[in-house]
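**Student:** Contents of run-v4.txt (compact mmCIF, N, CA and C atoms) are below:
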# COMPACT_ATOMS: atom_id res chain seq x y z
N MET A 1 19.19 11.71 -51.63
CA MET A 1 19.38 10.34 -52.09
C MET A 1 19.39 10.35 -53.61
N GLY A 2 20.34 9.64 -54.19
CA GLY A 2 20.44 9.58 -55.63
C GLY A 2 20.70 8.17 -56.11
N GLY A 3 20.71 8.00 -57.41
CA GLY A 3 20.96 6.71 -58.04
C GLY A 3 22.35 6.65 -58.63
N ASP A 4 22.61 5.57 -59.36
CA ASP A 4 23.96 5.33 -59.88
C ASP A 4 24.42 6.38 -60.88
N GLY A 5 23.52 7.22 -61.37
CA GLY A 5 23.91 8.31 -62.27
C GLY A 5 24.78 9.36 -61.58
N TRP A 6 24.79 9.36 -60.26
CA TRP A 6 25.65 10.30 -59.54
C TRP A 6 27.12 9.88 -59.60
N ASP A 7 27.39 8.63 -59.91
CA ASP A 7 28.77 8.15 -59.97
C ASP A 7 29.50 8.89 -61.08
N GLY A 8 30.59 9.54 -60.74
CA GLY A 8 31.38 10.27 -61.72
C GLY A 8 30.87 11.67 -62.02
N ALA A 9 29.80 12.09 -61.33
CA ALA A 9 29.26 13.44 -61.56
C ALA A 9 30.25 14.49 -61.06
N ASP A 10 30.36 15.57 -61.78
CA ASP A 10 31.24 16.67 -61.39
C ASP A 10 30.48 17.56 -60.40
N THR A 11 30.91 17.53 -59.15
CA THR A 11 30.25 18.32 -58.11
C THR A 11 30.99 19.62 -57.81
N THR A 12 31.94 19.98 -58.65
CA THR A 12 32.73 21.19 -58.44
C THR A 12 31.82 22.40 -58.27
N GLY A 13 32.01 23.08 -57.16
CA GLY A 13 31.20 24.26 -56.84
C GLY A 13 29.92 23.92 -56.10
N TYR A 14 29.60 22.65 -56.02
CA TYR A 14 28.37 22.21 -55.34
C TYR A 14 28.66 21.25 -54.18
N GLU A 15 29.90 21.17 -53.78
CA GLU A 15 30.30 20.20 -52.76
C GLU A 15 29.42 20.28 -51.51
N ASP A 16 29.11 21.49 -51.04
CA ASP A 16 28.31 21.64 -49.82
C ASP A 16 26.92 21.04 -49.97
N TYR A 17 26.38 21.06 -51.17
CA TYR A 17 25.04 20.51 -51.40
C TYR A 17 25.02 18.99 -51.35
N PHE A 18 26.17 18.37 -51.61
CA PHE A 18 26.23 16.92 -51.67
C PHE A 18 26.67 16.28 -50.36
N ASP A 19 27.24 17.06 -49.43
CA ASP A 19 27.62 16.49 -48.15
C ASP A 19 26.41 15.87 -47.48
N ASN A 20 26.61 14.69 -46.93
CA ASN A 20 25.56 13.92 -46.25
C ASN A 20 24.46 13.44 -47.19
N CYS A 21 24.74 13.40 -48.49
CA CYS A 21 23.83 12.79 -49.45
C CYS A 21 24.33 11.37 -49.73
N TYR A 22 23.43 10.51 -50.13
CA TYR A 22 23.75 9.11 -50.38
C TYR A 22 23.27 8.72 -51.77
N PHE A 23 23.95 7.74 -52.38
CA PHE A 23 23.45 7.19 -53.63
C PHE A 23 23.82 5.72 -53.74
N THR A 24 22.95 5.00 -54.42
CA THR A 24 23.20 3.58 -54.64
C THR A 24 24.02 3.42 -55.91
N ASN A 25 24.78 2.34 -55.94
CA ASN A 25 25.65 2.09 -57.07
C ASN A 25 25.92 0.60 -57.22
N HIS A 26 26.71 0.25 -58.20
CA HIS A 26 27.02 -1.14 -58.49
C HIS A 26 28.32 -1.61 -57.84
N TYR A 27 29.19 -0.66 -57.53
CA TYR A 27 30.48 -1.00 -56.92
C TYR A 27 31.09 0.27 -56.37
N SER A 28 32.13 0.12 -55.55
CA SER A 28 32.90 1.25 -55.07
C SER A 28 34.37 0.91 -55.21
N SER A 29 35.15 1.84 -55.73
CA SER A 29 36.60 1.62 -55.84
C SER A 29 37.26 1.53 -54.48
N GLU A 30 36.55 1.92 -53.42
CA GLU A 30 37.09 1.82 -52.07
C GLU A 30 36.81 0.48 -51.41
N ASP A 31 36.00 -0.36 -52.05
CA ASP A 31 35.73 -1.70 -51.53
C ASP A 31 37.07 -2.41 -51.35
N THR A 32 37.26 -3.05 -50.22
CA THR A 32 38.54 -3.66 -49.89
C THR A 32 38.71 -5.08 -50.44
N SER A 33 37.70 -5.60 -51.14
CA SER A 33 37.81 -6.97 -51.66
C SER A 33 38.96 -7.06 -52.66
N GLU A 34 39.54 -8.23 -52.73
CA GLU A 34 40.69 -8.45 -53.62
C GLU A 34 40.32 -8.20 -55.08
N SER A 35 39.14 -8.65 -55.51
CA SER A 35 38.76 -8.48 -56.91
C SER A 35 38.62 -7.00 -57.27
N VAL A 36 38.05 -6.21 -56.36
CA VAL A 36 37.90 -4.78 -56.63
C VAL A 36 39.26 -4.10 -56.65
N GLN A 37 40.10 -4.38 -55.67
CA GLN A 37 41.39 -3.71 -55.61
C GLN A 37 42.30 -4.10 -56.78
N ASN A 38 42.24 -5.36 -57.23
CA ASN A 38 43.00 -5.76 -58.42
C ASN A 38 42.51 -5.00 -59.65
N PHE A 39 41.18 -4.90 -59.80
CA PHE A 39 40.60 -4.16 -60.92
C PHE A 39 41.03 -2.70 -60.88
N VAL A 40 40.91 -2.06 -59.71
CA VAL A 40 41.26 -0.65 -59.58
C VAL A 40 42.73 -0.42 -59.95
N THR A 41 43.61 -1.28 -59.46
CA THR A 41 45.03 -1.14 -59.75
C THR A 41 45.31 -1.26 -61.25
N LYS A 42 44.78 -2.31 -61.86
CA LYS A 42 45.04 -2.54 -63.29
C LYS A 42 44.38 -1.46 -64.16
N TYR A 43 43.18 -1.08 -63.81
CA TYR A 43 42.47 -0.05 -64.59
C TYR A 43 43.20 1.28 -64.50
N THR A 44 43.61 1.65 -63.30
CA THR A 44 44.30 2.93 -63.08
C THR A 44 45.63 2.96 -63.84
N GLU A 45 46.35 1.84 -63.83
CA GLU A 45 47.61 1.78 -64.57
C GLU A 45 47.39 2.00 -66.06
N ALA A 46 46.31 1.44 -66.58
CA ALA A 46 46.05 1.52 -68.02
C ALA A 46 45.36 2.81 -68.45
N TYR A 47 44.42 3.31 -67.63
CA TYR A 47 43.56 4.42 -68.07
C TYR A 47 43.53 5.63 -67.14
N GLY A 48 44.18 5.56 -66.00
CA GLY A 48 44.08 6.64 -65.03
C GLY A 48 42.80 6.51 -64.22
N THR A 49 42.44 7.57 -63.51
CA THR A 49 41.27 7.51 -62.63
C THR A 49 40.06 8.29 -63.13
N ASP A 50 40.22 9.08 -64.21
CA ASP A 50 39.12 9.92 -64.67
C ASP A 50 37.87 9.13 -65.03
N SER A 51 38.03 7.95 -65.59
CA SER A 51 36.87 7.15 -66.00
C SER A 51 36.66 5.92 -65.11
N LEU A 52 37.31 5.90 -63.95
CA LEU A 52 37.17 4.78 -63.02
C LEU A 52 35.84 4.95 -62.27
N ASN A 53 34.80 4.32 -62.81
CA ASN A 53 33.48 4.43 -62.21
C ASN A 53 32.75 3.10 -62.37
N ALA A 54 31.49 3.06 -61.99
CA ALA A 54 30.73 1.81 -62.05
C ALA A 54 30.60 1.29 -63.47
N CYS A 55 30.50 2.18 -64.46
CA CYS A 55 30.39 1.71 -65.85
C CYS A 55 31.62 0.90 -66.23
N ALA A 56 32.79 1.36 -65.85
CA ALA A 56 34.01 0.63 -66.16
C ALA A 56 33.98 -0.76 -65.51
N ALA A 57 33.56 -0.83 -64.26
CA ALA A 57 33.48 -2.11 -63.56
C ALA A 57 32.43 -3.02 -64.19
N LEU A 58 31.29 -2.47 -64.55
CA LEU A 58 30.22 -3.28 -65.15
C LEU A 58 30.63 -3.79 -66.53
N TYR A 59 31.28 -2.95 -67.33
CA TYR A 59 31.74 -3.40 -68.65
C TYR A 59 32.76 -4.54 -68.50
N TYR A 60 33.64 -4.37 -67.54
CA TYR A 60 34.64 -5.41 -67.27
C TYR A 60 33.96 -6.72 -66.91
N ASP A 61 33.04 -6.66 -65.95
CA ASP A 61 32.32 -7.87 -65.56
C ASP A 61 31.52 -8.45 -66.71
N ALA A 62 30.90 -7.60 -67.52
CA ALA A 62 30.07 -8.07 -68.63
C ALA A 62 30.88 -8.91 -69.62
N MET A 63 32.10 -8.50 -69.90
CA MET A 63 32.93 -9.25 -70.84
C MET A 63 33.26 -10.64 -70.28
N TYR A 64 33.57 -10.69 -68.99
CA TYR A 64 33.87 -11.99 -68.38
C TYR A 64 32.62 -12.84 -68.21
N MET A 65 31.48 -12.21 -68.03
CA MET A 65 30.22 -12.96 -67.98
C MET A 65 29.93 -13.58 -69.35
N LEU A 66 30.18 -12.83 -70.41
CA LEU A 66 29.99 -13.37 -71.76
C LEU A 66 30.91 -14.56 -72.01
N LEU A 67 32.15 -14.44 -71.60
CA LEU A 67 33.10 -15.53 -71.75
C LEU A 67 32.61 -16.76 -70.99
N GLN A 68 32.18 -16.57 -69.75
CA GLN A 68 31.67 -17.69 -68.95
C GLN A 68 30.42 -18.29 -69.60
N ALA A 69 29.54 -17.45 -70.11
CA ALA A 69 28.31 -17.94 -70.76
C ALA A 69 28.66 -18.78 -71.99
N ALA A 70 29.64 -18.35 -72.78
CA ALA A 70 30.04 -19.11 -73.96
C ALA A 70 30.63 -20.46 -73.56
N GLU A 71 31.44 -20.44 -72.51
CA GLU A 71 32.03 -21.70 -72.04
C GLU A 71 30.95 -22.63 -71.48
N ASP A 72 30.08 -22.08 -70.61
CA ASP A 72 29.05 -22.90 -69.98
C ASP A 72 27.97 -23.35 -70.97
N GLY A 73 27.68 -22.50 -71.96
CA GLY A 73 26.64 -22.81 -72.93
C GLY A 73 27.13 -23.58 -74.14
N GLY A 74 28.44 -23.71 -74.28
CA GLY A 74 29.00 -24.50 -75.36
C GLY A 74 29.15 -23.79 -76.70
N GLY A 75 29.11 -22.46 -76.71
CA GLY A 75 29.30 -21.75 -77.97
C GLY A 75 29.04 -20.27 -77.82
N SER A 76 29.26 -19.53 -78.92
CA SER A 76 29.06 -18.08 -78.87
C SER A 76 27.82 -17.63 -79.65
N ASP A 77 27.03 -18.58 -80.15
CA ASP A 77 25.78 -18.22 -80.81
C ASP A 77 24.75 -17.81 -79.75
N THR A 78 23.70 -17.16 -80.18
CA THR A 78 22.71 -16.62 -79.24
C THR A 78 22.14 -17.68 -78.32
N ALA A 79 21.74 -18.82 -78.86
CA ALA A 79 21.13 -19.87 -78.03
C ALA A 79 22.10 -20.38 -76.97
N SER A 80 23.37 -20.54 -77.34
CA SER A 80 24.37 -21.00 -76.38
C SER A 80 24.61 -19.96 -75.29
N LEU A 81 24.68 -18.69 -75.68
CA LEU A 81 24.89 -17.63 -74.68
C LEU A 81 23.71 -17.54 -73.72
N VAL A 82 22.49 -17.64 -74.26
CA VAL A 82 21.31 -17.62 -73.39
C VAL A 82 21.35 -18.80 -72.43
N ALA A 83 21.66 -19.98 -72.95
CA ALA A 83 21.75 -21.17 -72.09
C ALA A 83 22.82 -20.98 -71.01
N GLY A 84 23.96 -20.42 -71.41
CA GLY A 84 25.06 -20.21 -70.46
C GLY A 84 24.77 -19.15 -69.42
N MET A 85 23.91 -18.20 -69.74
CA MET A 85 23.57 -17.13 -68.79
C MET A 85 22.38 -17.49 -67.90
N THR A 86 21.57 -18.44 -68.33
CA THR A 86 20.40 -18.81 -67.53
C THR A 86 20.87 -19.45 -66.23
N GLU A 87 20.46 -18.83 -65.14
CA GLU A 87 20.83 -19.25 -63.78
C GLU A 87 22.35 -19.25 -63.57
N MET A 88 23.02 -18.29 -64.21
CA MET A 88 24.47 -18.13 -64.07
C MET A 88 24.81 -17.60 -62.69
N GLU A 89 25.88 -18.13 -62.14
CA GLU A 89 26.49 -17.60 -60.93
C GLU A 89 27.84 -17.04 -61.34
N PHE A 90 28.06 -15.76 -61.04
CA PHE A 90 29.28 -15.09 -61.48
C PHE A 90 29.81 -14.25 -60.33
N SER A 91 31.10 -14.30 -60.12
CA SER A 91 31.74 -13.48 -59.10
C SER A 91 32.68 -12.51 -59.81
N GLY A 92 32.42 -11.21 -59.63
CA GLY A 92 33.22 -10.21 -60.32
C GLY A 92 33.46 -8.98 -59.49
N VAL A 93 33.82 -7.91 -60.17
CA VAL A 93 34.13 -6.65 -59.51
C VAL A 93 32.88 -6.09 -58.82
N ALA A 94 31.71 -6.29 -59.42
CA ALA A 94 30.46 -5.79 -58.84
C ALA A 94 29.87 -6.78 -57.84
N GLY A 95 30.63 -7.76 -57.42
CA GLY A 95 30.18 -8.71 -56.41
C GLY A 95 29.70 -10.02 -57.01
N ASP A 96 29.04 -10.80 -56.19
CA ASP A 96 28.49 -12.08 -56.63
C ASP A 96 27.14 -11.82 -57.28
N ILE A 97 27.04 -12.20 -58.54
CA ILE A 97 25.85 -11.94 -59.33
C ILE A 97 25.21 -13.26 -59.71
N TYR A 98 23.90 -13.35 -59.55
CA TYR A 98 23.15 -14.52 -59.98
C TYR A 98 22.11 -14.06 -60.99
N LEU A 99 22.10 -14.68 -62.16
CA LEU A 99 21.08 -14.40 -63.16
C LEU A 99 20.02 -15.48 -63.06
N ASP A 100 18.78 -15.09 -62.75
CA ASP A 100 17.73 -16.09 -62.58
C ASP A 100 17.26 -16.65 -63.92
N GLU A 101 16.23 -17.46 -63.89
CA GLU A 101 15.74 -18.11 -65.10
C GLU A 101 15.22 -17.13 -66.14
N ASN A 102 14.91 -15.89 -65.73
CA ASN A 102 14.46 -14.84 -66.65
C ASN A 102 15.59 -13.92 -67.10
N GLY A 103 16.78 -14.14 -66.56
CA GLY A 103 17.91 -13.28 -66.90
C GLY A 103 18.03 -12.07 -66.00
N ASP A 104 17.17 -11.99 -64.96
CA ASP A 104 17.25 -10.87 -64.03
C ASP A 104 18.42 -11.06 -63.08
N ALA A 105 19.17 -10.01 -62.87
CA ALA A 105 20.34 -10.07 -61.99
C ALA A 105 19.95 -9.86 -60.54
N ILE A 106 20.42 -10.75 -59.70
CA ILE A 106 20.29 -10.60 -58.25
C ILE A 106 21.71 -10.37 -57.77
N LYS A 107 21.94 -9.17 -57.22
CA LYS A 107 23.30 -8.77 -56.90
C LYS A 107 23.32 -7.78 -55.74
N PRO A 108 24.49 -7.52 -55.19
CA PRO A 108 24.61 -6.55 -54.10
C PRO A 108 24.33 -5.12 -54.57
N VAL A 109 24.01 -4.28 -53.61
CA VAL A 109 23.84 -2.85 -53.85
C VAL A 109 24.86 -2.11 -52.98
N VAL A 110 25.58 -1.21 -53.60
CA VAL A 110 26.57 -0.41 -52.88
C VAL A 110 25.94 0.93 -52.52
N VAL A 111 26.18 1.39 -51.30
CA VAL A 111 25.70 2.70 -50.85
C VAL A 111 26.93 3.57 -50.63
N ASN A 112 26.96 4.70 -51.34
CA ASN A 112 28.04 5.67 -51.20
C ASN A 112 27.48 6.97 -50.62
N THR A 113 28.36 7.76 -50.07
CA THR A 113 28.00 9.08 -49.57
C THR A 113 29.06 10.07 -50.04
N TYR A 114 28.86 11.31 -49.72
CA TYR A 114 29.84 12.35 -50.05
C TYR A 114 30.38 12.94 -48.76
N GLU A 115 31.68 13.18 -48.75
CA GLU A 115 32.34 13.90 -47.66
C GLU A 115 33.26 14.92 -48.30
N ASP A 116 33.04 16.19 -48.02
CA ASP A 116 33.84 17.27 -48.60
C ASP A 116 33.92 17.17 -50.12
N GLY A 117 32.79 16.79 -50.74
CA GLY A 117 32.72 16.71 -52.19
C GLY A 117 33.30 15.45 -52.79
N GLN A 118 33.81 14.57 -51.96
CA GLN A 118 34.41 13.32 -52.44
C GLN A 118 33.48 12.14 -52.14
N ILE A 119 33.40 11.22 -53.10
CA ILE A 119 32.58 10.03 -52.90
C ILE A 119 33.29 9.10 -51.92
N LYS A 120 32.52 8.60 -50.97
CA LYS A 120 33.04 7.66 -49.97
C LYS A 120 32.12 6.45 -49.91
N TRP A 121 32.73 5.28 -49.90
CA TRP A 121 31.99 4.02 -49.78
C TRP A 121 31.45 3.90 -48.37
N LEU A 122 30.16 3.68 -48.24
CA LEU A 122 29.54 3.53 -46.93
C LEU A 122 29.36 2.06 -46.59
N GLU A 123 28.68 1.31 -47.48
CA GLU A 123 28.46 -0.11 -47.22
C GLU A 123 27.98 -0.81 -48.49
N THR A 124 28.07 -2.11 -48.45
CA THR A 124 27.53 -2.96 -49.51
C THR A 124 26.45 -3.83 -48.88
N ILE A 125 25.28 -3.81 -49.48
CA ILE A 125 24.13 -4.58 -48.99
C ILE A 125 23.97 -5.80 -49.88
N GLN A 126 24.03 -6.97 -49.26
CA GLN A 126 23.89 -8.23 -49.99
C GLN A 126 22.40 -8.54 -50.18
N PRO A 127 22.04 -9.19 -51.29
CA PRO A 127 20.64 -9.56 -51.49
C PRO A 127 20.18 -10.59 -50.47
N SER A 128 18.91 -10.59 -50.17
CA SER A 128 18.35 -11.58 -49.25
C SER A 128 18.30 -12.93 -49.94
N GLU A 129 18.44 -13.95 -49.17
CA GLU A 129 18.37 -15.32 -49.72
C GLU A 129 16.94 -15.67 -50.05
Can I see the file as structure tokens?
**Tutor:**
Amino acid sequence: MGGDGWDGADTTGYEDYFDNCYFTNHYSSEDTSESVQNFVTKYTEAYGTDSLNACAALYYDAMYMLLQAAEDGGGSDTASLVAGMTEMEFSGVAGDIYLDENGDAIKPVVVNTYEDGQIKWLETIQPSE
């Protein structure tokens, strides 16, 4: 079992060690949702697949979250962004994200596994209500 640091790891020569291993992550490019597949298509066209990982998806979502926070908070100064992010509901590539009153993210967790050295999406676990 591993964490999101396994995303994008080079397993060349170690494929057998990773078979039947699992790791949690923020998203999977194999997720069939429209938002993920649109992101994967556009990202791949622009940058290829070498850097297509959770960091790319999180950076993408972060920029749109900032935009939403500025719009909802009424400005781009710190106080407005904090106001806009407090109890924010955001739907992005990494799923539906809710930022609570402390700014903590409540979001889905993706579980991936390895098959023949390749990362495979297993499931997405939604947060409890």
**Student:** In Å to one decimal, how far is atom C of Ile97 of chain A from atom CA of Ile125 of chain A?
**Tutor:** 13.8 Å
**Student:** Draw an axis-aligned box tight on the listed atoms of segment 32-40 of chain A, then pad every side by 5 Å and write out centre and edge lengths in Å to one decimal as AutoDock Vina command-line options.
**Tutor:**
--center_x 40.1 --center_y -4.5 --center_z -55.4 --size_x 15.7 --size_y 18.2 --size_z 21.0
**Student:** For each of A:Leu81, A:Val109, A:Thr24, A:Glu30, take the minimum atom-to-atom distance to Thr124 of chain A, counting all atoms listed in the file, then give the residue where this is smallest.
**Tutor:**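 Of A:Leu81, A:Val109, A:Thr24, A:Glu30, the one nearest Thr124 of chain A, counting all atoms listed in the file, is A:Val109.
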**Student:** With distances taken over only C-alpha atoms, which residue among A:Asn25, A:Ser80, A:Ser35, A:Gln126 lies nearest Asn53 of chain A?
**Tutor:**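 Under the stated criterion, the closest residue is A:Asn25.
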**Student:** Any idea what the distance is between atom CA of Ser91 of chain A and atom C of Val40 of chain A?
**Tutor:** 17.1 Å
**Student:** Rounded to one decimal place, report the atom CA of Asn112 of chain A-atom C of Thr44 of chain A distance in Å.
**Tutor:** 21.8 Å
**Student:** Once DSSP has gone over the backbone, tell me which residues of segment 11-127 of chain A are in strand (DSSP E), as a PyMOL selection string.
**Tutor:** chain A and resi 22-25+89-92+95-99+105-106+109-115+118-125
**Student:** Please check which residues have atoms at most 12 Å from (32.8, 17.8, -50.3) in the file's coordinates, counting only C-alpha atoms, and write them as a list of chain:residue names.
**Tutor:**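 So the residues meeting the distance criterion are A:Asp10, A:Thr11, A:Thr12, A:Gly13, A:Tyr14, A:Glu15, A:Asp16, A:Tyr17, A:Phe18, A:Asp19, A:Asn20, A:Cys21, A:Thr113, A:Tyr114, A:Glu115, A:Asp116, A:Gly117, A:Gln118, A:Ile119, A:Lys120.
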**Student:** Write out as a list in words each polymer residue whose atoms come within 5 Å of Glu123 of chain A, counting all atoms listed in the file; drop sequence neighbours fewer than 2 positions from it.
**Tutor:**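 Selected residues are Val110, Val111, Trp121 and Ile125 of chain A.
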**Student:** Which residue out of A:Ala105, A:Ala79, A:Met1, A:Val93 has the minimum interatomic distance to Tyr43 of chain A when only C-alpha atoms are used?
**Tutor:**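 For Tyr43 of chain A, the nearest of the given residues is A:Val93.
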**Student:** Kindly extract all protein, DNA and RNA residues lying within 10 Å of the coordinates (20.7, 8.3, -62.9) given in the file, considering only C-alpha atoms, and supply them as a JSON list (two decimals) with N, CA and C atoms, keeping the file's coordinate frame.
**Tutor:**
[["chain", "number", "residue", "atom", "x", "y", "z"],
["A", 2, "GLY", "N", 20.34, 9.64, -54.19],
["A", 2, "GLY", "CA", 20.44, 9.58, -55.63],
["A", 2, "GLY", "C", 20.70, 8.17, -56.11],
["A", 3, "GLY", "N", 20.71, 8.00, -57.41],
["A", 3, "GLY", "CA", 20.96, 6.71, -58.04],
["A", 3, "GLY", "C", 22.35, 6.65, -58.63],
["A", 4, "ASP", "N", 22.61, 5.57, -59.36],
["A", 4, "ASP", "CA", 23.96, 5.33, -59.88],
["A", 4, "ASP", "C", 24.42, 6.38, -60.88],
["A", 5, "GLY", "N", 23.52, 7.22, -61.37],
["A", 5, "GLY", "CA", 23.91, 8.31, -62.27],
["A", 5, "GLY", "C", 24.78, 9.36, -61.58],
["A", 6, "TRP", "N", 24.79, 9.36, -60.26],
["A", 6, "TRP", "CA", 25.65, 10.30, -59.54],
["A", 6, "TRP", "C", 27.12, 9.88, -59.60],
["A", 7, "ASP", "N", 27.39, 8.63, -59.91],
["A", 7, "ASP", "CA", 28.77, 8.15, -59.97],
["A", 7, "ASP", "C", 29.50, 8.89, -61.08],
["A", 23, "PHE", "N", 23.95, 7.74, -52.38],
["A", 23, "PHE", "CA", 23.45, 7.19, -53.63],
["A", 23, "PHE", "C", 23.82, 5.72, -53.74],
["A", 24, "THR", "N", 22.95, 5.00, -54.42],
["A", 24, "THR", "CA", 23.20, 3.58, -54.64],
["A", 24, "THR", "C", 24.02, 3.42, -55.91],
["A", 25, "ASN", "N", 24.78, 2.34, -55.94],
["A", 25, "ASN", "CA", 25.65, 2.09, -57.07],
["A", 25, "ASN", "C", 25.92, 0.60, -57.22]]
**Student:** Pick out the closest residue to Ala54 of chain A from this set: A:Val36, A:Met88, A:Asp100, A:Pro127. Count only C-alpha atoms.
**Tutor:**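 Looking only at the distances to Ala54 of chain A, the closest residue turns out to be A:Val36.
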**Student:** Can segment 35-42 of chain A be brought up to all heavy atoms and written out as a PDB file, in the coordinates of the input?
**Tutor:**
ATOM      1  N   SER A  35      39.140  -8.650 -55.510  1.00  0.00           N
ATOM      2  CA  SER A  35      38.760  -8.480 -56.910  1.00  0.00           C
ATOM      3  C   SER A  35      38.620  -7.000 -57.270  1.00  0.00           C
ATOM      4  O   SER A  35      39.041  -6.574 -58.347  1.00  0.00           O
ATOM      5  CB  SER A  35      37.469  -9.237 -57.234  1.00  0.00           C
ATOM      6  OG  SER A  35      36.393  -8.765 -56.467  1.00  0.00           O
ATOM      7  N   VAL A  36      38.050  -6.210 -56.360  1.00  0.00           N
ATOM      8  CA  VAL A  36      37.900  -4.780 -56.630  1.00  0.00           C
ATOM      9  C   VAL A  36      39.260  -4.100 -56.650  1.00  0.00           C
ATOM     10  O   VAL A  36      39.568  -3.328 -57.568  1.00  0.00           O
ATOM     11  CB  VAL A  36      36.961  -4.105 -55.609  1.00  0.00           C
ATOM     12  CG1 VAL A  36      37.020  -2.588 -55.732  1.00  0.00           C
ATOM     13  CG2 VAL A  36      35.541  -4.592 -55.775  1.00  0.00           C
ATOM     14  N   GLN A  37      40.100  -4.380 -55.670  1.00  0.00           N
ATOM     15  CA  GLN A  37      41.390  -3.710 -55.610  1.00  0.00           C
ATOM     16  C   GLN A  37      42.300  -4.100 -56.780  1.00  0.00           C
ATOM     17  O   GLN A  37      43.037  -3.262 -57.297  1.00  0.00           O
ATOM     18  CB  GLN A  37      42.066  -3.959 -54.259  1.00  0.00           C
ATOM     19  CG  GLN A  37      41.366  -3.215 -53.112  1.00  0.00           C
ATOM     20  CD  GLN A  37      41.157  -1.740 -53.435  1.00  0.00           C
ATOM     21  OE1 GLN A  37      42.103  -1.011 -53.733  1.00  0.00           O
ATOM     22  NE2 GLN A  37      39.906  -1.293 -53.385  1.00  0.00           N
ATOM     23  N   ASN A  38      42.240  -5.360 -57.230  1.00  0.00           N
ATOM     24  CA  ASN A  38      43.000  -5.760 -58.420  1.00  0.00           C
ATOM     25  C   ASN A  38      42.510  -5.000 -59.650  1.00  0.00           C
ATOM     26  O   ASN A  38      43.301  -4.527 -60.456  1.00  0.00           O
ATOM     27  CB  ASN A  38      42.892  -7.268 -58.655  1.00  0.00           C
ATOM     28  CG  ASN A  38      43.725  -8.065 -57.686  1.00  0.00           C
ATOM     29  OD1 ASN A  38      44.667  -7.570 -57.087  1.00  0.00           O
ATOM     30  ND2 ASN A  38      43.377  -9.330 -57.525  1.00  0.00           N
ATOM     31  N   PHE A  39      41.180  -4.900 -59.800  1.00  0.00           N
ATOM     32  CA  PHE A  39      40.600  -4.160 -60.920  1.00  0.00           C
ATOM     33  C   PHE A  39      41.030  -2.700 -60.880  1.00  0.00           C
ATOM     34  O   PHE A  39      41.467  -2.142 -61.885  1.00  0.00           O
ATOM     35  CB  PHE A  39      39.074  -4.272 -60.886  1.00  0.00           C
ATOM     36  CG  PHE A  39      38.391  -3.337 -61.834  1.00  0.00           C
ATOM     37  CD1 PHE A  39      38.404  -3.564 -63.200  1.00  0.00           C
ATOM     38  CD2 PHE A  39      37.749  -2.195 -61.354  1.00  0.00           C
ATOM     39  CE1 PHE A  39      37.781  -2.687 -64.084  1.00  0.00           C
ATOM     40  CE2 PHE A  39      37.123  -1.319 -62.223  1.00  0.00           C
ATOM     41  CZ  PHE A  39      37.146  -1.560 -63.589  1.00  0.00           C
ATOM     42  N   VAL A  40      40.910  -2.060 -59.710  1.00  0.00           N
ATOM     43  CA  VAL A  40      41.260  -0.650 -59.580  1.00  0.00           C
ATOM     44  C   VAL A  40      42.730  -0.420 -59.950  1.00  0.00           C
ATOM     45  O   VAL A  40      43.055   0.507 -60.693  1.00  0.00           O
ATOM     46  CB  VAL A  40      40.964  -0.136 -58.148  1.00  0.00           C
ATOM     47  CG1 VAL A  40      41.593   1.223 -57.894  1.00  0.00           C
ATOM     48  CG2 VAL A  40      39.454  -0.094 -57.903  1.00  0.00           C
ATOM     49  N   THR A  41      43.610  -1.280 -59.460  1.00  0.00           N
ATOM     50  CA  THR A  41      45.030  -1.140 -59.750  1.00  0.00           C
ATOM     51  C   THR A  41      45.310  -1.260 -61.250  1.00  0.00           C
ATOM     52  O   THR A  41      45.966  -0.406 -61.847  1.00  0.00           O
ATOM     53  CB  THR A  41      45.846  -2.194 -58.978  1.00  0.00           C
ATOM     54  OG1 THR A  41      45.665  -1.972 -57.572  1.00  0.00           O
ATOM     55  CG2 THR A  41      47.326  -2.114 -59.319  1.00  0.00           C
ATOM     56  N   LYS A  42      44.780  -2.310 -61.860  1.00  0.00           N
ATOM     57  CA  LYS A  42      45.040  -2.540 -63.290  1.00  0.00           C
ATOM     58  C   LYS A  42      44.380  -1.460 -64.160  1.00  0.00           C
ATOM     59  O   LYS A  42      44.972  -0.982 -65.129  1.00  0.00           O
ATOM     60  CB  LYS A  42      44.551  -3.925 -63.696  1.00  0.00           C
ATOM     61  CG  LYS A  42      45.401  -5.034 -63.114  1.00  0.00           C
ATOM     62  CD  LYS A  42      44.855  -6.396 -63.468  1.00  0.00           C
ATOM     63  CE  LYS A  42      45.677  -7.489 -62.820  1.00  0.00           C
ATOM     64  NZ  LYS A  42      45.128  -8.815 -63.064  1.00  0.00           N
TER      65      LYS A  42
END
